[in-house]
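Structure data (TSV, C-alpha atoms) from query-v3.tsv:
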```tsv
chain	number	residue	atom	x	y	z
A	18	MET	CA	-109.76	86.98	10.53
A	19	SER	CA	-112.10	87.20	7.60
A	20	THR	CA	-109.25	87.95	5.18
A	21	THR	CA	-107.39	84.81	6.21
A	22	THR	CA	-110.47	82.69	5.59
A	23	VAL	CA	-110.84	84.22	2.17
A	24	SER	CA	-107.22	83.60	1.27
A	25	THR	CA	-107.33	79.97	2.40
A	26	GLU	CA	-110.34	79.44	0.19
A	27	THR	CA	-108.12	81.12	-2.40
A	28	LYS	CA	-109.70	83.44	-4.89
A	29	TRP	CA	-106.94	82.90	-7.40
A	30	TRP	CA	-108.16	85.58	-9.79
A	31	SER	CA	-108.69	88.39	-7.30
A	32	GLY	CA	-105.25	89.83	-8.02
A	33	GLY	CA	-102.07	90.23	-6.03
A	34	LYS	CA	-100.81	86.72	-6.67
A	35	SER	CA	-100.11	84.29	-9.45
A	36	PRO	CA	-103.49	82.84	-10.42
A	37	PHE	CA	-101.76	79.59	-11.38
A	38	ASN	CA	-99.80	79.47	-8.13
A	39	VAL	CA	-96.66	78.91	-10.19
A	40	GLU	CA	-93.55	81.04	-10.36
A	41	TYR	CA	-93.13	82.95	-13.64
A	42	GLY	CA	-90.05	81.11	-14.91
A	43	LYS	CA	-91.57	77.73	-14.21
A	44	LEU	CA	-94.77	78.63	-16.04
A	45	MET	CA	-92.77	79.83	-19.04
A	46	MET	CA	-90.76	76.59	-18.98
A	47	TRP	CA	-94.08	74.72	-19.25
A	48	TYR	CA	-95.17	76.81	-22.24
A	49	PHE	CA	-91.79	76.39	-23.88
A	50	LEU	CA	-92.08	72.62	-23.46
A	51	MET	CA	-95.57	72.71	-24.92
A	52	SER	CA	-94.24	74.44	-28.04
A	53	ASP	CA	-91.32	72.01	-28.17
A	54	ALA	CA	-93.84	69.16	-28.05
A	55	PHE	CA	-95.29	70.53	-31.28
A	56	THR	CA	-91.84	70.63	-32.87
A	57	PHE	CA	-91.21	66.99	-32.03
A	58	GLY	CA	-94.79	66.20	-32.94
A	59	ALA	CA	-94.21	67.71	-36.38
A	60	PHE	CA	-91.16	65.50	-36.89
A	61	LEU	CA	-92.89	62.32	-35.80
A	62	ILE	CA	-96.09	63.04	-37.69
A	63	SER	CA	-94.19	63.75	-40.91
A	64	LEU	CA	-92.39	60.45	-40.32
A	65	TRP	CA	-95.80	58.75	-40.19
A	66	THR	CA	-96.98	60.60	-43.29
A	67	GLN	CA	-94.00	59.07	-45.06
A	68	ARG	CA	-94.63	55.62	-43.64
A	69	PHE	CA	-98.28	55.68	-44.67
A	70	SER	CA	-97.26	56.65	-48.18
A	71	HIS	CA	-94.81	53.72	-48.43
A	72	VAL	CA	-95.82	50.23	-49.49
A	73	SER	CA	-93.26	48.76	-47.09
A	74	TRP	CA	-90.72	49.93	-44.51
A	75	PRO	CA	-87.56	48.42	-42.93
A	76	ASP	CA	-88.04	46.12	-39.93
A	77	PRO	CA	-86.68	47.69	-36.71
A	78	ASN	CA	-85.95	44.21	-35.33
A	79	GLN	CA	-83.44	43.72	-38.15
A	80	VAL	CA	-81.98	47.22	-38.29
A	81	PHE	CA	-81.45	47.75	-34.56
A	82	SER	CA	-80.07	44.38	-33.53
A	83	SER	CA	-76.48	45.10	-32.49
A	84	PHE	CA	-74.85	45.59	-29.15
A	85	PRO	CA	-71.35	46.92	-28.34
A	86	PHE	CA	-68.63	44.25	-28.08
A	87	MET	CA	-71.06	41.50	-29.07
A	88	GLY	CA	-69.90	41.24	-32.67
A	89	HIS	CA	-72.55	39.86	-34.97
A	90	ALA	CA	-74.78	38.42	-32.26
A	91	ASN	CA	-78.38	39.10	-33.19
A	92	LEU	CA	-79.87	41.01	-30.25
A	93	PRO	CA	-82.87	42.91	-31.53
A	94	LEU	CA	-83.86	45.97	-29.51
A	95	VAL	CA	-81.59	45.08	-26.59
A	96	PHE	CA	-79.30	48.07	-26.95
A	97	VAL	CA	-82.13	50.54	-27.34
A	98	SER	CA	-83.76	49.04	-24.25
A	99	LEU	CA	-80.59	49.82	-22.35
A	100	MET	CA	-80.74	53.42	-23.62
A	101	THR	CA	-84.38	53.66	-22.54
A	102	PHE	CA	-83.53	52.30	-19.12
A	103	ILE	CA	-80.69	54.83	-18.72
A	104	LEU	CA	-83.00	57.71	-19.59
A	105	ILE	CA	-85.80	56.59	-17.25
A	106	MET	CA	-83.25	56.11	-14.49
A	107	SER	CA	-81.81	59.59	-14.98
A	108	SER	CA	-85.34	60.96	-14.84
A	109	VAL	CA	-85.76	59.33	-11.44
A	110	THR	CA	-82.52	60.80	-10.12
A	111	MET	CA	-83.70	64.19	-11.39
A	112	VAL	CA	-86.97	63.93	-9.42
A	113	LEU	CA	-84.94	63.00	-6.36
A	114	ALA	CA	-82.75	66.09	-6.90
A	115	VAL	CA	-85.86	68.30	-7.15
A	116	GLN	CA	-87.21	66.75	-3.99
A	117	ALA	CA	-83.95	67.26	-2.10
A	118	GLY	CA	-84.04	70.88	-3.27
A	119	HIS	CA	-87.55	71.24	-1.85
A	120	ASN	CA	-86.23	70.10	1.49
A	121	MET	CA	-83.29	72.55	1.18
A	122	GLN	CA	-80.71	69.75	1.31
A	123	LYS	CA	-77.76	71.12	-0.63
A	124	LYS	CA	-75.59	68.00	-0.57
A	125	GLU	CA	-78.40	65.63	-1.52
A	126	THR	CA	-79.45	67.90	-4.40
A	127	ALA	CA	-75.89	68.03	-5.71
A	128	LYS	CA	-75.52	64.25	-5.42
A	129	TRP	CA	-78.66	63.51	-7.44
A	130	MET	CA	-77.77	66.18	-10.00
A	131	VAL	CA	-74.41	64.46	-10.52
A	132	TRP	CA	-76.16	61.11	-11.10
A	133	THR	CA	-78.55	62.76	-13.56
A	134	ILE	CA	-75.63	64.24	-15.49
A	135	ILE	CA	-73.90	60.86	-15.57
A	136	GLY	CA	-77.10	59.29	-16.90
A	137	GLY	CA	-77.36	61.94	-19.59
A	138	LEU	CA	-73.76	61.42	-20.67
A	139	ALA	CA	-74.25	57.64	-20.71
A	140	PHE	CA	-77.26	58.06	-22.98
A	141	LEU	CA	-75.31	60.35	-25.32
A	142	GLY	CA	-72.47	57.81	-25.37
A	143	CYS	CA	-74.89	55.04	-26.36
A	144	GLN	CA	-76.36	57.19	-29.08
A	145	ALA	CA	-72.91	58.05	-30.41
A	146	TRP	CA	-72.12	54.33	-30.58
A	147	GLU	CA	-75.40	53.56	-32.34
A	148	TRP	CA	-74.95	56.34	-34.91
A	149	ASN	CA	-71.37	55.27	-35.54
A	150	HIS	CA	-72.44	51.65	-35.97
A	151	LEU	CA	-75.25	52.53	-38.40
A	152	TYR	CA	-72.94	54.88	-40.28
A	153	HIS	CA	-70.49	52.03	-40.83
A	154	GLN	CA	-73.34	49.90	-42.15
A	155	GLY	CA	-73.81	52.58	-44.80
A	156	ALA	CA	-76.70	54.45	-43.23
A	157	TRP	CA	-76.68	58.23	-43.24
A	158	TRP	CA	-78.78	61.14	-44.47
A	159	GLY	CA	-79.36	60.33	-48.13
A	160	SER	CA	-78.15	56.74	-47.87
A	161	ASN	CA	-80.29	53.78	-46.83
A	162	PRO	CA	-78.77	50.27	-46.85
A	163	PHE	CA	-81.77	48.55	-45.23
A	164	PRO	CA	-84.24	46.53	-47.32
A	165	ASN	CA	-87.94	46.74	-46.51
A	166	ILE	CA	-89.72	44.09	-44.49
A	167	ASP	CA	-91.41	42.70	-47.61
A	168	GLY	CA	-87.98	42.17	-49.24
A	169	SER	CA	-88.16	45.08	-51.67
A	170	TYR	CA	-85.28	47.52	-51.76
A	171	ASP	CA	-84.92	50.89	-53.44
A	172	PRO	CA	-81.58	52.60	-52.75
A	173	ALA	CA	-83.03	55.92	-53.92
A	174	ASP	CA	-85.63	55.86	-51.13
A	175	THR	CA	-83.86	57.20	-48.06
A	176	ALA	CA	-86.87	58.27	-45.97
A	177	PHE	CA	-86.12	55.68	-43.28
A	178	THR	CA	-82.56	56.83	-42.53
A	179	ASP	CA	-83.27	60.53	-43.16
A	180	PHE	CA	-85.98	60.54	-40.52
A	181	PHE	CA	-84.01	58.33	-38.15
A	182	PHE	CA	-81.00	60.62	-38.03
A	183	THR	CA	-83.06	63.81	-37.99
A	184	VAL	CA	-85.41	62.73	-35.20
A	185	THR	CA	-82.86	61.00	-32.95
A	186	GLY	CA	-80.36	63.76	-33.72
A	187	PHE	CA	-82.80	66.47	-32.66
A	188	HIS	CA	-83.61	64.49	-29.53
A	189	GLY	CA	-79.92	63.88	-28.82
A	190	PHE	CA	-79.30	67.61	-29.16
A	191	HIS	CA	-81.97	68.18	-26.52
A	192	VAL	CA	-80.27	65.66	-24.24
A	193	PHE	CA	-76.97	67.44	-24.81
A	194	SER	CA	-78.47	70.84	-23.96
A	195	GLY	CA	-80.09	69.27	-20.92
A	196	VAL	CA	-76.73	67.97	-19.70
A	197	VAL	CA	-75.18	71.42	-20.17
A	198	LEU	CA	-78.05	73.07	-18.26
A	199	ASN	CA	-77.78	70.46	-15.51
A	200	ILE	CA	-74.05	71.13	-15.16
A	201	ILE	CA	-74.66	74.89	-14.87
A	202	ILE	CA	-77.32	74.32	-12.21
A	203	LEU	CA	-75.08	71.86	-10.36
A	204	ILE	CA	-72.32	74.48	-10.20
A	205	ASN	CA	-74.82	76.97	-8.76
A	206	VAL	CA	-76.01	74.40	-6.21
A	207	LEU	CA	-72.44	73.76	-5.12
A	208	LYS	CA	-71.69	77.49	-4.95
A	209	GLY	CA	-74.66	77.88	-2.60
A	210	THR	CA	-76.52	80.28	-4.91
A	211	TYR	CA	-79.89	78.67	-4.26
A	212	GLU	CA	-79.28	78.24	-0.57
A	213	LYS	CA	-78.75	82.00	-0.34
A	214	ARG	CA	-81.79	82.60	-2.51
A	215	GLY	CA	-83.90	80.51	-0.17
A	216	HIS	CA	-85.30	78.12	-2.79
A	217	TYR	CA	-84.18	75.58	-5.39
A	218	LEU	CA	-86.73	76.50	-8.07
A	219	MET	CA	-84.05	76.50	-10.76
A	220	VAL	CA	-83.47	72.81	-10.12
A	221	GLU	CA	-87.18	72.27	-10.60
A	222	LYS	CA	-87.15	74.16	-13.93
A	223	VAL	CA	-84.28	72.22	-15.46
A	224	GLY	CA	-85.95	69.16	-14.00
A	225	LEU	CA	-89.04	69.87	-16.11
A	226	TYR	CA	-86.86	70.16	-19.19
A	227	TRP	CA	-85.08	66.93	-18.37
A	228	HIS	CA	-88.33	64.99	-17.92
A	229	PHE	CA	-89.57	66.36	-21.20
A	230	VAL	CA	-86.52	64.90	-22.92
A	231	ASP	CA	-87.43	61.53	-21.39
A	232	LEU	CA	-91.04	62.02	-22.47
A	233	VAL	CA	-90.01	62.65	-26.07
A	234	TRP	CA	-87.85	59.54	-26.02
A	235	VAL	CA	-90.91	57.48	-25.05
A	236	PHE	CA	-92.55	58.56	-28.31
A	237	VAL	CA	-89.42	58.26	-30.44
A	238	PHE	CA	-88.91	54.78	-29.03
A	239	THR	CA	-92.44	53.71	-29.99
A	240	CYS	CA	-92.37	55.29	-33.43
A	241	TYR	CA	-88.94	54.16	-34.51
A	242	TYR	CA	-88.10	51.00	-32.65
A	243	LEU	CA	-91.40	49.30	-31.85
A	244	LEU	CA	-93.92	50.00	-34.59
B	10	MET	CA	-91.28	69.51	10.69
B	11	ALA	CA	-92.13	65.89	11.35
B	12	HIS	CA	-95.04	66.25	9.00
B	13	SER	CA	-92.91	67.52	6.11
B	14	ALA	CA	-90.36	64.73	6.62
B	15	GLU	CA	-93.13	62.17	6.45
B	16	HIS	CA	-94.47	63.86	3.34
B	17	SER	CA	-91.10	63.72	1.57
B	18	HIS	CA	-90.73	60.06	2.47
B	19	ASP	CA	-94.09	59.35	0.85
B	20	ASN	CA	-93.00	61.22	-2.27
B	21	THR	CA	-89.83	59.19	-2.57
B	22	LYS	CA	-91.84	56.00	-2.33
B	23	ARG	CA	-94.19	57.29	-5.02
B	24	ILE	CA	-91.25	58.18	-7.29
B	25	TRP	CA	-89.88	54.65	-7.08
B	26	THR	CA	-93.32	53.16	-7.68
B	27	VAL	CA	-93.61	55.22	-10.87
B	28	PHE	CA	-90.11	54.13	-11.86
B	29	TRP	CA	-91.07	50.46	-11.55
B	30	ILE	CA	-94.28	51.01	-13.51
B	31	LEU	CA	-92.34	52.68	-16.34
B	32	LEU	CA	-89.72	49.94	-16.32
B	33	VAL	CA	-92.23	47.10	-16.39
B	34	ILE	CA	-94.18	48.73	-19.24
B	35	THR	CA	-90.96	49.18	-21.23
B	36	VAL	CA	-89.95	45.54	-20.67
B	37	VAL	CA	-93.40	44.37	-21.77
B	38	GLU	CA	-93.19	46.54	-24.90
B	39	ILE	CA	-89.80	45.17	-25.84
B	40	ALA	CA	-90.80	41.56	-25.20
B	41	TRP	CA	-93.91	42.09	-27.32
B	42	GLY	CA	-91.84	43.77	-30.05
B	43	MET	CA	-89.39	40.86	-30.13
B	44	LYS	CA	-91.69	37.87	-29.74
B	45	VAL	CA	-95.32	38.69	-30.41
B	46	SER	CA	-95.62	41.55	-32.88
B	47	HIS	CA	-94.84	39.59	-36.08
B	48	ILE	CA	-97.68	37.13	-35.67
B	49	LEU	CA	-100.38	39.75	-35.08
B	50	PRO	CA	-102.07	42.17	-37.47
B	51	LYS	CA	-100.54	45.64	-37.61
B	52	TRP	CA	-103.48	47.45	-36.10
B	53	ILE	CA	-103.44	45.33	-32.91
B	54	ASN	CA	-99.74	46.09	-32.40
B	55	ALA	CA	-100.37	49.77	-33.07
B	56	ILE	CA	-103.16	49.96	-30.48
B	57	PHE	CA	-101.10	47.98	-27.97
B	58	PHE	CA	-97.94	50.09	-28.31
B	59	LEU	CA	-99.72	53.43	-28.52
B	60	THR	CA	-101.81	52.70	-25.42
B	61	LEU	CA	-98.73	51.80	-23.40
B	62	THR	CA	-96.86	54.82	-24.77
B	63	PHE	CA	-99.60	57.16	-23.59
B	64	VAL	CA	-99.73	55.46	-20.19
B	65	LYS	CA	-95.98	56.03	-19.83
B	66	ALA	CA	-96.27	59.62	-21.03
B	67	GLY	CA	-99.09	60.21	-18.56
B	68	TYR	CA	-97.03	58.95	-15.62
B	69	ILE	CA	-94.01	61.07	-16.61
B	70	VAL	CA	-96.05	64.24	-17.01
B	71	ALA	CA	-98.36	63.74	-14.03
B	72	GLU	CA	-95.84	62.44	-11.49
B	73	PHE	CA	-92.30	63.31	-12.55
B	74	MET	CA	-93.23	66.71	-13.93
B	75	HIS	CA	-95.72	67.12	-11.10
B	76	LEU	CA	-98.48	68.43	-13.38
B	77	ARG	CA	-101.12	66.46	-11.45
B	78	HIS	CA	-100.47	68.66	-8.43
B	79	GLU	CA	-100.81	72.03	-10.18
B	80	LEU	CA	-103.96	74.13	-10.29
B	81	LYS	CA	-106.62	72.95	-12.71
B	82	ASN	CA	-106.59	76.19	-14.73
B	83	MET	CA	-102.86	75.92	-15.27
B	84	ILE	CA	-103.14	72.27	-16.32
B	85	LEU	CA	-105.81	73.19	-18.85
B	86	THR	CA	-103.67	75.91	-20.46
B	87	ILE	CA	-101.09	73.20	-21.15
B	88	LEU	CA	-103.40	70.40	-22.22
B	89	ILE	CA	-106.05	72.16	-24.31
B	90	PRO	CA	-103.59	73.43	-26.96
B	91	LEU	CA	-102.29	69.88	-27.29
B	92	LEU	CA	-105.72	68.89	-28.62
B	93	LEU	CA	-104.48	70.34	-31.93
B	94	PHE	CA	-102.54	67.11	-32.24
B	95	ILE	CA	-105.80	65.27	-32.94
B	96	TRP	CA	-106.24	67.22	-36.16
B	97	PHE	CA	-102.51	67.16	-36.83
B	98	VAL	CA	-102.21	63.36	-36.67
B	99	ILE	CA	-105.41	62.57	-38.59
B	100	ALA	CA	-104.81	65.09	-41.38
B	101	PHE	CA	-101.22	64.15	-42.11
B	102	CYS	CA	-101.55	60.39	-41.79
B	103	TRP	CA	-104.59	60.59	-44.06
B	104	ASP	CA	-102.46	62.55	-46.52
B	105	GLY	CA	-99.78	59.84	-46.44
B	106	GLY	CA	-102.42	57.19	-47.05
B	107	SER	CA	-103.85	59.01	-50.03
B	108	TRP	CA	-100.35	59.31	-51.50
B	109	LEU	CA	-100.03	55.56	-51.29
B	110	THR	CA	-103.38	55.07	-53.00
B	111	LEU	CA	-102.38	57.46	-55.78
B	112	LYS	CA	-99.04	55.72	-56.26
B	113	LYS	CA	-100.73	52.31	-56.49
B	114	GLU	CA	-103.41	53.57	-58.90
B	115	TYR	CA	-100.81	55.17	-61.09
B	116	LYS	CA	-98.73	52.01	-61.18
B	117	GLY	CA	-101.72	49.72	-61.84
B	118	ASN	CA	-103.33	51.72	-64.66
B	119	ASN	CA	-100.17	53.16	-66.01
B	120	THR	CA	-101.05	53.12	-69.72
B	121	GLU	CA	-104.70	54.16	-69.44
B	122	GLN	CA	-103.86	57.02	-67.09
B	123	VAL	CA	-101.42	58.45	-69.55
B	124	ALA	CA	-103.67	57.84	-72.53
B	125	ALA	CA	-106.90	59.26	-71.08
B	126	PRO	CA	-105.86	62.87	-70.51
B	127	GLN	CA	-104.14	63.00	-73.89
B	128	GLY	CA	-107.45	62.51	-75.68
B	129	ASN	CA	-108.92	65.63	-74.08
B	130	HIS	CA	-105.72	67.56	-74.13
B	131	SER	CA	-106.44	70.00	-76.95
B	132	GLY	CA	-110.06	70.52	-75.84
B	133	GLY	CA	-109.00	71.43	-72.33
B	134	HIS	CA	-106.89	74.37	-73.36
```
Structure translated into structure tokens:
Amino acid sequence: MSTTTVSTETKWWSGGKSPFNVEYGKLMMWYFLMSDAFTFGAFLISLWTQRFSHVSWPDPNQVFSSFPFMGHANLPLVFVSLMTFILIMSSVTMVLAVQAGHNMQKKETAKWMVWTIIGGLAFLGCQAWEWNHLYHQGAWWGSNPFPNIDGSYDPADTAFTDFFFTVTGFHGFHVFSGVVLNIIILINVLKGTYEKRGHYLMVEKVGLYWHFVDLVWVFVFTCYYLL
Amino acid sequence: MAHSAEHSHDNTKRIWTVFWILLVITVVEIAWGMKVSHILPKWINAIFFLTLTFVKAGYIVAEFMHLRHELKNMILTILIPLLLFIWFVIAFCWDGGSWLTLKKEYKGNNTEQVAAPQGNHSGGH
């Protein structure tokens, strides 16, 4: 009797259980993501160091104003909004997959995982189009065709494009790895691995990674497209 | 059983609420970026966008990543190290700013800057 009361009041640090009430792999995923946040932070902060040291900087409304199949129509930020929407949406389907896993619903989990993977691929497709489009405008590492907002232009100054391709490329690589991980987990869900194991914690762990990718995009979006 | 089903229904509702919040914030940001940001001073835009960015980040971490529902000690081990970012951001942006100042000074006083150290050159060594 008395032991049950004690354990419901939970002395987390009395030993015999995880004091954080989190499974080991999930906790390590959190710490990995924390360190990854510093990696992305380093990229974005060095971008801002550069921006603060520049008199002027290209205007995102002018640089990112194209949309597939729309020719030369001037549609500032519309395409990147679509990419943002796709990523938020795939984050939602991921939460729904995690939730279905909690309730031990194999089919539901698989269904939402498939939608998440489709979302991830759609985002990567959009990014491929955007990179290709900018590349054909003459933008690449070491090559910046965009004049600054104040009208000045120095072709030798390629900080804008260097950082753009490095930061979005690193983020895109994360999305790509996330899609690969999601596919592996989906195969395991379909094989019934987690049903046999009795829990869908692996879905939760890749879910954390996937949300982190969305989280990073929120910051990339602000730093590169809005400010 | 009935209780857990009810619970999961509530969660699903919550997930969609968060989705709509994120979507509305993003739409507001884009509209502001397209229509409003040019006519306002930079610092107002910066505060506006950064605030909304952190609100979005908060919702993603707290709700989608479920951090809000973890134990407080665990949450703190994640969040306290992130405080390093305060130093990180201030130090490096400050550095960028001082670069700009140096560049401007050098450009403005080009001739004097070059001339001044030359006078003391032999004495210095």
Legend entry - Point-to-point distance in Å for atom CA of Met83 of chain B and atom CA of Tyr68 of chain B: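 Separating atom CA of Tyr68 of chain B from atom CA of Met83 of chain B is a distance of 17.9 Å.
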Legend entry - Residue list for chain B near chain A as a VMD selection string, 9 Å, all atoms listed in the file: chain B and resid 13 to 14 17 20 to 21 24 to 25 27 to 28 31 to 32 35 to 36 38 to 39 41 to 43 46 51 54 to 55 58 to 59 62 to 63 65 to 66 69 to 70 73 to 75 79 to 84 86 to 88 90 to 91 94 97 to 98 101 to 110 112 to 113
What does the file look like for those residues with C-alpha atoms, as a PDB file, keeping the file's coordinate frame?
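result-v9.pdb, freshly written:
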```pdb
ATOM      1  CA  SER B  13     -92.910  67.520   6.110  1.00  0.00           C
ATOM      2  CA  ALA B  14     -90.360  64.730   6.620  1.00  0.00           C
ATOM      3  CA  SER B  17     -91.100  63.720   1.570  1.00  0.00           C
ATOM      4  CA  ASN B  20     -93.000  61.220  -2.270  1.00  0.00           C
ATOM      5  CA  THR B  21     -89.830  59.190  -2.570  1.00  0.00           C
ATOM      6  CA  ILE B  24     -91.250  58.180  -7.290  1.00  0.00           C
ATOM      7  CA  TRP B  25     -89.880  54.650  -7.080  1.00  0.00           C
ATOM      8  CA  VAL B  27     -93.610  55.220 -10.870  1.00  0.00           C
ATOM      9  CA  PHE B  28     -90.110  54.130 -11.860  1.00  0.00           C
ATOM     10  CA  LEU B  31     -92.340  52.680 -16.340  1.00  0.00           C
ATOM     11  CA  LEU B  32     -89.720  49.940 -16.320  1.00  0.00           C
ATOM     12  CA  THR B  35     -90.960  49.180 -21.230  1.00  0.00           C
ATOM     13  CA  VAL B  36     -89.950  45.540 -20.670  1.00  0.00           C
ATOM     14  CA  GLU B  38     -93.190  46.540 -24.900  1.00  0.00           C
ATOM     15  CA  ILE B  39     -89.800  45.170 -25.840  1.00  0.00           C
ATOM     16  CA  TRP B  41     -93.910  42.090 -27.320  1.00  0.00           C
ATOM     17  CA  GLY B  42     -91.840  43.770 -30.050  1.00  0.00           C
ATOM     18  CA  MET B  43     -89.390  40.860 -30.130  1.00  0.00           C
ATOM     19  CA  SER B  46     -95.620  41.550 -32.880  1.00  0.00           C
ATOM     20  CA  LYS B  51    -100.540  45.640 -37.610  1.00  0.00           C
ATOM     21  CA  ASN B  54     -99.740  46.090 -32.400  1.00  0.00           C
ATOM     22  CA  ALA B  55    -100.370  49.770 -33.070  1.00  0.00           C
ATOM     23  CA  PHE B  58     -97.940  50.090 -28.310  1.00  0.00           C
ATOM     24  CA  LEU B  59     -99.720  53.430 -28.520  1.00  0.00           C
ATOM     25  CA  THR B  62     -96.860  54.820 -24.770  1.00  0.00           C
ATOM     26  CA  PHE B  63     -99.600  57.160 -23.590  1.00  0.00           C
ATOM     27  CA  LYS B  65     -95.980  56.030 -19.830  1.00  0.00           C
ATOM     28  CA  ALA B  66     -96.270  59.620 -21.030  1.00  0.00           C
ATOM     29  CA  ILE B  69     -94.010  61.070 -16.610  1.00  0.00           C
ATOM     30  CA  VAL B  70     -96.050  64.240 -17.010  1.00  0.00           C
ATOM     31  CA  PHE B  73     -92.300  63.310 -12.550  1.00  0.00           C
ATOM     32  CA  MET B  74     -93.230  66.710 -13.930  1.00  0.00           C
ATOM     33  CA  HIS B  75     -95.720  67.120 -11.100  1.00  0.00           C
ATOM     34  CA  GLU B  79    -100.810  72.030 -10.180  1.00  0.00           C
ATOM     35  CA  LEU B  80    -103.960  74.130 -10.290  1.00  0.00           C
ATOM     36  CA  LYS B  81    -106.620  72.950 -12.710  1.00  0.00           C
ATOM     37  CA  ASN B  82    -106.590  76.190 -14.730  1.00  0.00           C
ATOM     38  CA  MET B  83    -102.860  75.920 -15.270  1.00  0.00           C
ATOM     39  CA  ILE B  84    -103.140  72.270 -16.320  1.00  0.00           C
ATOM     40  CA  THR B  86    -103.670  75.910 -20.460  1.00  0.00           C
ATOM     41  CA  ILE B  87    -101.090  73.200 -21.150  1.00  0.00           C
ATOM     42  CA  LEU B  88    -103.400  70.400 -22.220  1.00  0.00           C
ATOM     43  CA  PRO B  90    -103.590  73.430 -26.960  1.00  0.00           C
ATOM     44  CA  LEU B  91    -102.290  69.880 -27.290  1.00  0.00           C
ATOM     45  CA  PHE B  94    -102.540  67.110 -32.240  1.00  0.00           C
ATOM     46  CA  PHE B  97    -102.510  67.160 -36.830  1.00  0.00           C
ATOM     47  CA  VAL B  98    -102.210  63.360 -36.670  1.00  0.00           C
ATOM     48  CA  PHE B 101    -101.220  64.150 -42.110  1.00  0.00           C
ATOM     49  CA  CYS B 102    -101.550  60.390 -41.790  1.00  0.00           C
ATOM     50  CA  TRP B 103    -104.590  60.590 -44.060  1.00  0.00           C
ATOM     51  CA  ASP B 104    -102.460  62.550 -46.520  1.00  0.00           C
ATOM     52  CA  GLY B 105     -99.780  59.840 -46.440  1.00  0.00           C
ATOM     53  CA  GLY B 106    -102.420  57.190 -47.050  1.00  0.00           C
ATOM     54  CA  SER B 107    -103.850  59.010 -50.030  1.00  0.00           C
ATOM     55  CA  TRP B 108    -100.350  59.310 -51.500  1.00  0.00           C
ATOM     56  CA  LEU B 109    -100.030  55.560 -51.290  1.00  0.00           C
ATOM     57  CA  THR B 110    -103.380  55.070 -53.000  1.00  0.00           C
ATOM     58  CA  LYS B 112     -99.040  55.720 -56.260  1.00  0.00           C
ATOM     59  CA  LYS B 113    -100.730  52.310 -56.490  1.00  0.00           C
TER      60      LYS B 113
END
```
Inset, instruction - Would you mind telling me which residue in B:His78, B:Glu72, B:Ile34, B:Trp52 lies nearest to Lys22 of chain B when using all atoms listed in the file? - result: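 Checking each of B:His78, B:Glu72, B:Ile34, B:Trp52 against Lys22 of chain B, counting all atoms listed in the file, the winner is B:Glu72.
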Legend entry - Å distance separating atom CA of Leu198 of chain A from atom CA of Ala71 of chain B, one decimal place: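 Atom-to-atom, atom CA of Leu198 of chain A to atom CA of Ala71 of chain B, that is 22.7 Å.
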Legend entry - Distance of atom CA of Leu49 of chain B from atom CA of Asp174 of chain A, expressed in Å to one decimal place: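 For atom CA of Asp174 of chain A relative to atom CA of Leu49 of chain B, the distance reads 27.1 Å.
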Inset, instruction - Would you kindly return, as a list in words, each protein, DNA or RNA residue with an atom no farther than 10 Å from any atom of segment 147-153 of chain A, considering all atoms listed in the file and excluding same-chain residues fewer than 2 positions away? - result: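 Returned residues: Val80, Phe81, Ser83, Phe84, Pro85, Phe96, Val97, Leu141, Gly142, Cys143, Gln144, Ala145, Gly155, Ala156, Trp157, Trp158, Ser160, Asn161, Pro162, Thr178, Phe181, Phe182, Thr185 and Gly186 of chain A.
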Legend entry - Distance criterion (all atoms listed in the file): nearest to Ile202 of chain A out of A:Glu125, A:Ile166, A:Val220, A:Asn91: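 Closest to Ile202 of chain A of all the choices is A:Val220.
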Inset, instruction - Using all atoms listed in the file, determine which residues lie at most 8 Å from His216 of chain A, disregarding the query and same-chain residues fewer than 4 positions distant; provide the list as an MDAnalysis selection string. - result: chainID A and resid 118:119 121 211:212
Output file for the selection above: C-alpha atoms, as a PDB file, in the coordinates of the input:
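Now in again31.pdb:
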```pdb
ATOM      1  CA  GLY A 118     -84.040  70.880  -3.270  1.00  0.00           C
ATOM      2  CA  HIS A 119     -87.550  71.240  -1.850  1.00  0.00           C
ATOM      3  CA  MET A 121     -83.290  72.550   1.180  1.00  0.00           C
ATOM      4  CA  TYR A 211     -79.890  78.670  -4.260  1.00  0.00           C
ATOM      5  CA  GLU A 212     -79.280  78.240  -0.570  1.00  0.00           C
TER       6      GLU A 212
END
```
Axis-aligned box over every listed atom of segment 227-230 of chain A, padded by 4 Å per side: centre and edges in Å to one decimal, as JSON?
```
{"center_x": -87.3, "center_y": 65.9, "center_z": -20.4, "size_x": 12.5, "size_y": 10.0, "size_z": 13.0}
```
Inset, instruction - Rank A:Leu138, A:Leu207, A:Val131, A:Met87 by their smallest atom-to-atom distance to Ile103 of chain A, using all atoms listed in the file, and report the top residue only. - result: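 Among the listed residues, A:Leu138 lies closest to Ile103 of chain A.
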